[in-house]
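K.L.:
Before we start, here is the structure in question, set down as structure tokens.
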Amino acid sequence: MASAATSRLEGLRDRGAALGGVVQPVSLLLVAAAAGLIVGSLRSAIFAQLTVQGLALGAVYGSLALALVLVYRATHVVNFAQGELAMATTYVAYQLIKWGLSYWEAFFATLAIAFVVGAVLEVVLIRPVLHRSVIAAVIVTVGLFILIDGLVNWVWGGDFKFMPSPFGTKIYHVGGVSIARLYPGMFVVVIVSVLLVWALFRFTKLGLGMRAAALRPAESALVGVRVEWMLAIGWGLAAVLGAVAGLVAEPSQFVLQPTLMQPILVYAFAAAVLGGLESPAGAVVGGLAIGISLNLVVQYVPAITTELQTPLAFAVLLVVLLLKPSGLFGHREVRRV
Amino acid sequence: MTALLELEDVEARYGPVHVLHGISLAVEEGSVVTVLGPNGAGKTTTLRAVSGTVRRSGRIRLGGRPIDRLGPASVAHLGVAHVPEGRGTFSELTVWENLRLGAYSRRGSIQPELERVFSYFPWLSERRRQQAGTLSGGEQQMLALARAFVHRPRLLLLDEPSLGLAPVLVAELFRIVRELNEQEGLTVLVVEQNAHLALQAADAGYVLEAGRVALSGTSDELRADDSVRRSYLGY
Amino acid sequence: MKARIPALASLAAVAALLCVLPFTLSDYNVSLVAQVGIFFVAVLGLNILTGYTGQISIGHGAFMAIGGYTTAVMSRDHNTNLVVTMVMAFAICFVVGLLLGLPALRLSGAYLALATFALAVSVPLLPLQWSKFLGGRDGVQTAKTVSNVWLYGAAWAVSAILFVLAWLILRGRVGRAFRAVRDSEIAAVASGIELPVYKTLAFGISAAYAGVAGSLFVLATNGFAAPDEFGIVLSLKILIGAAAAGLGTLWGVLVGAAFIALLPTVSSSVPVIGSSHGQDVVFGAAVILVMLLLPGGFAGLLTQLRRLKRA
């Protein structure tokens, strides 16, 4: 009896989500925010510059947040090592360029390496503990965080490294606004890779299998989906998205150092939670929102200094969690006894 | 006739709980076979042992090939479609995506399979973009069946298809299963509470009690058996 | 009663060993064992939260920061007795923990993990904002510093007191309620346990323990509280310590605390590993290996060893 009632509840919930009852106010909010940004940018050159910059940084947060969401959907693990993995793959790209590859050759080779590393980590380190408890798996990722950080420092040292910028130093002048080519470049690279991953999930058989495996592993196996491969591929893709984030974040900080991704990971966490942890679109939108708003707030609200940027992001995060405990785009999990 | 599915001395357990104590049964190619028995007798577990979703020992052969060491995905790839109890619908995905998943283990175009399934369930074609979770219970059961057909299985495992369905729908469901069996030679192993209905649709049956086969025979033989009549048919 | 006797005997053995150690070890080694005591308190606190109510926290470094700054600021401004500052740290962190436990009621699993992570990242940044009161990046210096032996005595005395306190709390009604919450929240509510009360209480107690550990932690760094000392790595370490400790036993918590306190230091003295980054590699790898190889943490390992001996 109880289970029949629960499944009916679930049915109702699904129906609610399908009708968009949850998402509508959020999308209205987003449209309003976008309108505000456009108006502001037309009125002030500084505002426009900050917006473009925030959009680029936000795209980086969003793609790392998306990586976290992919891993979370596949294995219900929050991967604390996602940022360090991205940082390490950026060092791989640095090494490849040093060995004589061109920037874009190194870029794509790095993505391939990242995929393999991500998938292998899932198989070797996560899978053996996952059946035991999710907390154990999370702690493995914490260990991985420390391990990768130590390895990179050991192999490459902690000093600044310099990579050629793929976007050059050109500056565009649009109206009264000057924008370094770097920022639209970052934005385009990230958004293209996010769209490619989205298309993979949305339009291919492999993507369908991955979605099914994440939603209902037991039923997916019954129709012939190799669930364990799907989880490994999910981790691999997450590592690729992380690598993209690392590779485009590097020119925005102008130097490569082992702490490259640590602040970015923090904002990516915030973005992922804002989006509801299970929602890929929510993660990307959350990343953009955090990127832009942090950039604008520090400029226009005198009380908020750069020191307060991170606590502020988290204060907002906590408020969101308290108002909507499963994020703006998520829906509440049904609890069973 | 040769046996498509053979179970020989199959045991299964959930953790410390022993559920199957040595089940042996055979399903002839092109036949419909039903498994009857009280709750907890191991009916569902028998199907799960075949599809590899429970730890089991003993010998299980599909078309002569041992499958008792294979996982569920590999068994599915060999042509076994298992519609679990509670349908196993992917409620978050669309109807079309559910059907596409049914044919996951097939290579190449699935258009012909879809056309064939739509000829049995015409309404599915119109609602292919709808989220499966928004279908009614009966519709979801039909979708689960359709998903299994797209797979074009050699063997269909059906677990309690009548559970929670209106009698009209149950009759419709069994009619379609029978039709597929007669026209396309589909082999079916079905677990069913409604013994009356199950024996009507099936060629043969097994009665399980406490994890063992208590009785087996053709549907006519079982219907004539006194204990079956008393316990399951109610007259 | 019979099972109590070996447990009491081992307790007495640990206590005796701890009393003798300061007379036999060098000053440096005394400071290392004192570190173990400090982490023992913090891991014990997190163990109450995670082990007994199933709530995860990646933010215990934040409570340590609050406790540590309490000690440093009170000592700087009023030259308060350091033991009194520890009691204050306990009280303040208990209240802060209760307050933060309230929002935590609405969060579970990954969301709680991330919210507490947010805490761990945010709290150490606050001194930079209120630098007049909290010293900014330069930190706060206590009026007095303490010797390693003083620290050793304080750390293990506090450990003993808080261990007994935990034992008293957990063996009775409250402990049963905590365990019921961990095993099934819904069932716990159904059997009349006031879920919000106990979940919040667990958060408060756990935070208070971390706060005292933070006080000691500041004293261990020559009475100097600075934001960098309380970075995210500290929170991660305590979580690792609690996970490595496993559930329930004193021995597990002891080994877990020793693991996080000593491994980085010990491995840095191994020649090949050498540099400070080598020790991160060893520590990270060790964490992963412990999780892969010891399903029940060190506590589980000890149980297994005992079983082997008996067989």
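Within each chain, counting starts at residue 1; across the structure tokens, chains are named A, B, ... in the order shown, with ligands numbered 1 upward in that order.
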Mind checking DSSP for range 19-234 of chain A and telling me the helix (DSSP H, G or I) residues as a VMD selection string?

P.N.:
chain A and resid 23 to 43 45 to 75 82 to 98 103 to 130 134 to 156 182 to 203 205 to 215 217 to 222 227 to 234

K.L.:
Do you know which residues are at most 12 Å from Asp159 in chain A counting only C-alpha atoms, after dropping those on the same chain fewer than 3 positions away, and could you put them as a list of chain:residue names?

P.N.:
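Those residues are A:Val152, A:Asn153, A:Trp154, A:Val155, A:Trp156, A:Phe162, A:Val255, A:Leu256, A:Gln257, A:Pro258, A:Thr259, A:Leu260.
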
K.L.:
Write out, as a PDB file, in the first residue's frame, the residues just selected, with C-alpha atoms.

P.N.:
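Result went into out_4.pdb, see below:
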ATOM      1  CA  VAL A 152      51.601  18.554  -9.700  1.00  0.00           C
ATOM      2  CA  ASN A 153      53.721  20.475  -7.221  1.00  0.00           C
ATOM      3  CA  TRP A 154      56.209  17.640  -7.210  1.00  0.00           C
ATOM      4  CA  VAL A 155      56.467  17.245 -10.967  1.00  0.00           C
ATOM      5  CA  TRP A 156      56.180  20.849 -12.132  1.00  0.00           C
ATOM      6  CA  PHE A 162      53.509  30.697 -18.735  1.00  0.00           C
ATOM      7  CA  VAL A 255      49.836  32.435 -15.288  1.00  0.00           C
ATOM      8  CA  LEU A 256      49.655  28.743 -14.565  1.00  0.00           C
ATOM      9  CA  GLN A 257      50.041  27.699 -10.938  1.00  0.00           C
ATOM     10  CA  PRO A 258      48.814  24.763  -8.870  1.00  0.00           C
ATOM     11  CA  THR A 259      46.096  26.832  -7.200  1.00  0.00           C
ATOM     12  CA  LEU A 260      44.583  27.655 -10.622  1.00  0.00           C
TER      13      LEU A 260
END

K.L.:
Which one is closest to Val168 in chain B: B:Arg212, B:Gly205, B:Gly138, B:Arg116? Count only C-alpha atoms.

P.N.:
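Residue with the minimum atom-to-atom distance to Val168 in chain B: B:Gly138.
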
K.L.:
Here is a test: counting only C-alpha atoms, which residue of A:Leu57, A:Leu195, A:Val273, A:Ala106 is nearest to chain C?

P.N.:
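Looking at the shortest contact to chain C, the residue is A:Val273.
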
K.L.:
Output as a ChimeraX atom specification the set of chain B residues within 7 Å of chain A, with distances taken over only C-alpha atoms.

P.N.:
/B:72-74,76-77,81-82,88,101-102,104-105,133-134

K.L.:
Convert the current residue selection to file output with C-alpha atoms, as an mmCIF file, in the first residue's frame.

P.N.:
data_model
loop_
_atom_site.group_PDB
_atom_site.id
_atom_site.type_symbol
_atom_site.label_atom_id
_atom_site.label_comp_id
_atom_site.auth_asym_id
_atom_site.auth_seq_id
_atom_site.Cartn_x
_atom_site.Cartn_y
_atom_site.Cartn_z
ATOM 1 C CA PRO B 72 21.817 -8.343 -16.869
ATOM 2 C CA ALA B 73 23.122 -6.241 -19.750
ATOM 3 C CA SER B 74 24.779 -9.253 -21.408
ATOM 4 C CA ALA B 76 19.646 -8.583 -22.601
ATOM 5 C CA HIS B 77 22.088 -8.548 -25.513
ATOM 6 C CA ALA B 81 13.589 -8.829 -22.493
ATOM 7 C CA HIS B 82 12.563 -8.599 -18.849
ATOM 8 C CA GLY B 88 10.422 -0.300 -14.956
ATOM 9 C CA LEU B 101 15.989 2.123 -24.859
ATOM 10 C CA GLY B 102 14.023 -1.072 -25.451
ATOM 11 C CA TYR B 104 19.253 -0.529 -26.992
ATOM 12 C CA SER B 105 20.956 -3.845 -27.646
ATOM 13 C CA GLY B 133 5.755 9.478 -16.104
ATOM 14 C CA THR B 134 2.637 11.381 -17.149
#

K.L.:
Which neighbours of Leu328 in chain A fall inside 7 Å, counting only C-alpha atoms, when residues of the same chain fewer than 4 positions from it are skipped, and could you give them as a VMD selection string?

P.N.:
chain A and resid 274 to 276 324

K.L.:
Set the distance at 8 Å and use only C-alpha atoms: which residues neighbour Arg100 in chain B once local chain neighbours fewer than 6 positions away are removed? I'd like the list as a compact mmCIF listing (two decimals) with C-alpha atoms, in the first residue's frame.

P.N.:
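And here's selection-v6.txt as it stands now:
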# COMPACT_ATOMS: atom_id res chain seq x y z
CA ILE B 110 14.98 0.51 -35.37
CA ARG B 147 9.48 -1.44 -25.03
CA VAL B 150 10.97 -3.25 -29.83

K.L.:
Name all residues at most 8 Å from Ala180 in chain A (count only C-alpha atoms; drop same-chain ones fewer than 2 positions away) and give them as a list in words.

P.N.:
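After dropping sequence-adjacent residues, the list is Thr169, Lys170, Ile171, Tyr172, Ser178, Leu182, Tyr183 and Pro184 of chain A.
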
K.L.:
For Leu44 in chain C, please output as a PDB file with C-alpha atoms, in the first residue's frame all residues within 8 Å (counting only C-alpha atoms; exclusion window: fewer than 2 positions along the same chain).

P.N.:
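So the final result, stored in around10.pdb, reads:
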ATOM      1  CA  PHE C  40      41.590  13.554  18.709  1.00  0.00           C
ATOM      2  CA  VAL C  41      39.199  16.138  20.126  1.00  0.00           C
ATOM      3  CA  ALA C  42      38.176  17.403  16.690  1.00  0.00           C
ATOM      4  CA  LEU C  46      32.893  15.032  14.063  1.00  0.00           C
ATOM      5  CA  ASN C  47      32.429  11.360  14.867  1.00  0.00           C
ATOM      6  CA  ILE C  48      29.485  12.241  17.117  1.00  0.00           C
ATOM      7  CA  PHE C 163      35.863  11.604  25.788  1.00  0.00           C
ATOM      8  CA  TYR C 209      34.329  19.906  20.402  1.00  0.00           C
ATOM      9  CA  ALA C 242      36.733  10.709  11.172  1.00  0.00           C
ATOM     10  CA  VAL C 253      39.439   7.767  16.857  1.00  0.00           C
TER      11      VAL C 253
END

K.L.:
Tell me which protein, DNA and RNA residues are within 8 Å of Thr142 in chain C, counting only C-alpha atoms, leaving out same-chain ones fewer than 3 positions away, and put them as a PyMOL selection string.

P.N.:
chain C and resi 71-76+79+145+223-224

K.L.:
Quick one: write out the picked residues with C-alpha atoms as a PDB file, in the first residue's frame?

P.N.:
ATOM      1  CA  THR C  71      41.147  32.110  22.521  1.00  0.00           C
ATOM      2  CA  ALA C  72      43.474  34.460  20.660  1.00  0.00           C
ATOM      3  CA  VAL C  73      41.260  37.549  20.913  1.00  0.00           C
ATOM      4  CA  MET C  74      40.339  37.035  24.587  1.00  0.00           C
ATOM      5  CA  SER C  75      43.969  36.535  25.485  1.00  0.00           C
ATOM      6  CA  ARG C  76      45.109  39.550  23.446  1.00  0.00           C
ATOM      7  CA  ASN C  79      44.873  38.465  29.034  1.00  0.00           C
ATOM      8  CA  THR C 145      52.443  31.388  24.804  1.00  0.00           C
ATOM      9  CA  GLY C 223      49.457  31.304  20.207  1.00  0.00           C
ATOM     10  CA  PHE C 224      49.045  32.709  16.745  1.00  0.00           C
TER      11      PHE C 224
END

K.L.:
According to DSSP computed on the backbone, where in range 27-272 of chain A is there strand (DSSP E)? Give the residues as a list in words.

P.N.:
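Matching residues for strand (DSSP E) in range 27-272 of chain A are Ile171, Tyr172, His173, Val174, Val177, Ser178, Ile179 and Ala180 of chain A.
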
K.L.:
Only C-alpha atoms, please: the residues just picked out, written as a tab-separated table (two decimals), in the first residue's frame.

P.N.:
chain	number	residue	atom	x	y	z
A	171	ILE	CA	41.21	44.32	-28.03
A	172	TYR	CA	37.87	45.00	-29.69
A	173	HIS	CA	36.28	48.44	-29.54
A	174	VAL	CA	32.50	48.40	-29.77
A	177	VAL	CA	33.49	49.74	-24.87
A	178	SER	CA	36.86	48.04	-25.11
A	179	ILE	CA	36.82	44.29	-24.72
A	180	ALA	CA	39.87	42.01	-24.78

K.L.:
Report as a Markdown table: every residue of chain A with an atom at most 8 Å from chain C, its closest pair of atoms, and their distance in Å to one decimal, counting only C-alpha atoms, with rows sorted by chain and ascending residue number.

P.N.:
| residue | atom | partner | partner_atom | distance |
| --- | --- | --- | --- | --- |
| A:Val77 | CA | C:Ala110 | CA | 7.7 |
| A:Val78 | CA | C:Ala110 | CA | 6.7 |
| A:Leu125 | CA | C:Leu292 | CA | 7.5 |
| A:Pro128 | CA | C:Leu292 | CA | 6.9 |
| A:Val129 | CA | C:Leu292 | CA | 6.2 |
| A:Arg132 | CA | C:Pro295 | CA | 7.7 |
| A:Ala136 | CA | C:Met291 | CA | 6.4 |
| A:Ile139 | CA | C:Ile240 | CA | 6.7 |
| A:Val140 | CA | C:Ile288 | CA | 5.1 |
| A:Val142 | CA | C:Leu236 | CA | 7.0 |
| A:Gly143 | CA | C:Gly284 | CA | 4.4 |
| A:Leu144 | CA | C:Gly284 | CA | 6.0 |
| A:Phe145 | CA | C:Gly284 | CA | 7.3 |
| A:Ile146 | CA | C:Gly284 | CA | 4.9 |
| A:Leu147 | CA | C:Gly284 | CA | 4.1 |
| A:Ile148 | CA | C:Val281 | CA | 7.3 |
| A:Asp149 | CA | C:Asp280 | CA | 7.4 |
| A:Gly150 | CA | C:His277 | CA | 4.7 |
| A:Leu151 | CA | C:Val281 | CA | 5.9 |
| A:Asn153 | CA | C:His277 | CA | 6.0 |
| A:Trp154 | CA | C:His277 | CA | 5.6 |
| A:Val266 | CA | C:Ala118 | CA | 7.8 |
| A:Phe269 | CA | C:Leu114 | CA | 7.2 |
| A:Val273 | CA | C:Tyr111 | CA | 7.3 |
| A:Thr305 | CA | C:Gln129 | CA | 7.8 |
| A:Glu307 | CA | C:Gln129 | CA | 6.3 |
| A:Leu308 | CA | C:Gln129 | CA | 6.8 |
| A:Thr310 | CA | C:Ser122 | CA | 6.4 |
| A:Pro311 | CA | C:Ser122 | CA | 4.6 |
| A:Phe314 | CA | C:Ala118 | CA | 5.8 |
| A:Leu317 | CA | C:Ala115 | CA | 7.9 |
| A:Leu318 | CA | C:Ala115 | CA | 6.7 |
| A:Leu321 | CA | C:Leu107 | CA | 7.6 |
| A:Leu322 | CA | C:Pro103 | CA | 6.5 |
| A:Pro325 | CA | C:Leu107 | CA | 6.2 |
| A:Ser326 | CA | C:Tyr111 | CA | 7.7 |
| A:Arg336 | CA | C:Ile186 | CA | 7.9 |
| A:Val337 | CA | C:Ile186 | CA | 5.9 |

K.L.:
So the first atom is CA of Gly164 in chain B and the second is CA of Leu114 in chain B; what is the distance between them in Å, to one decimal place?

P.N.:
26.6 Å

K.L.:
CA of Lys199 in chain C to CA of Ala65 in chain C: how many Å, to one decimal?

P.N.:
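That distance, rounded to one decimal, is 22.4 Å.
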
K.L.:
Which one is closest to Glu182 in chain B: B:Val35, B:Ala26, B:Val207, B:Ala202? Count only C-alpha atoms.

P.N.:
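Comparing B:Val35, B:Ala26, B:Val207, B:Ala202 against Glu182 in chain B, the winner is B:Ala202.
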
K.L.:
CA of Ala239 in chain A to CA of Gly118 in chain A: how many Å, to one decimal?

P.N.:
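Pair CA of Ala239 in chain A / CA of Gly118 in chain A returns 5.2 Å.
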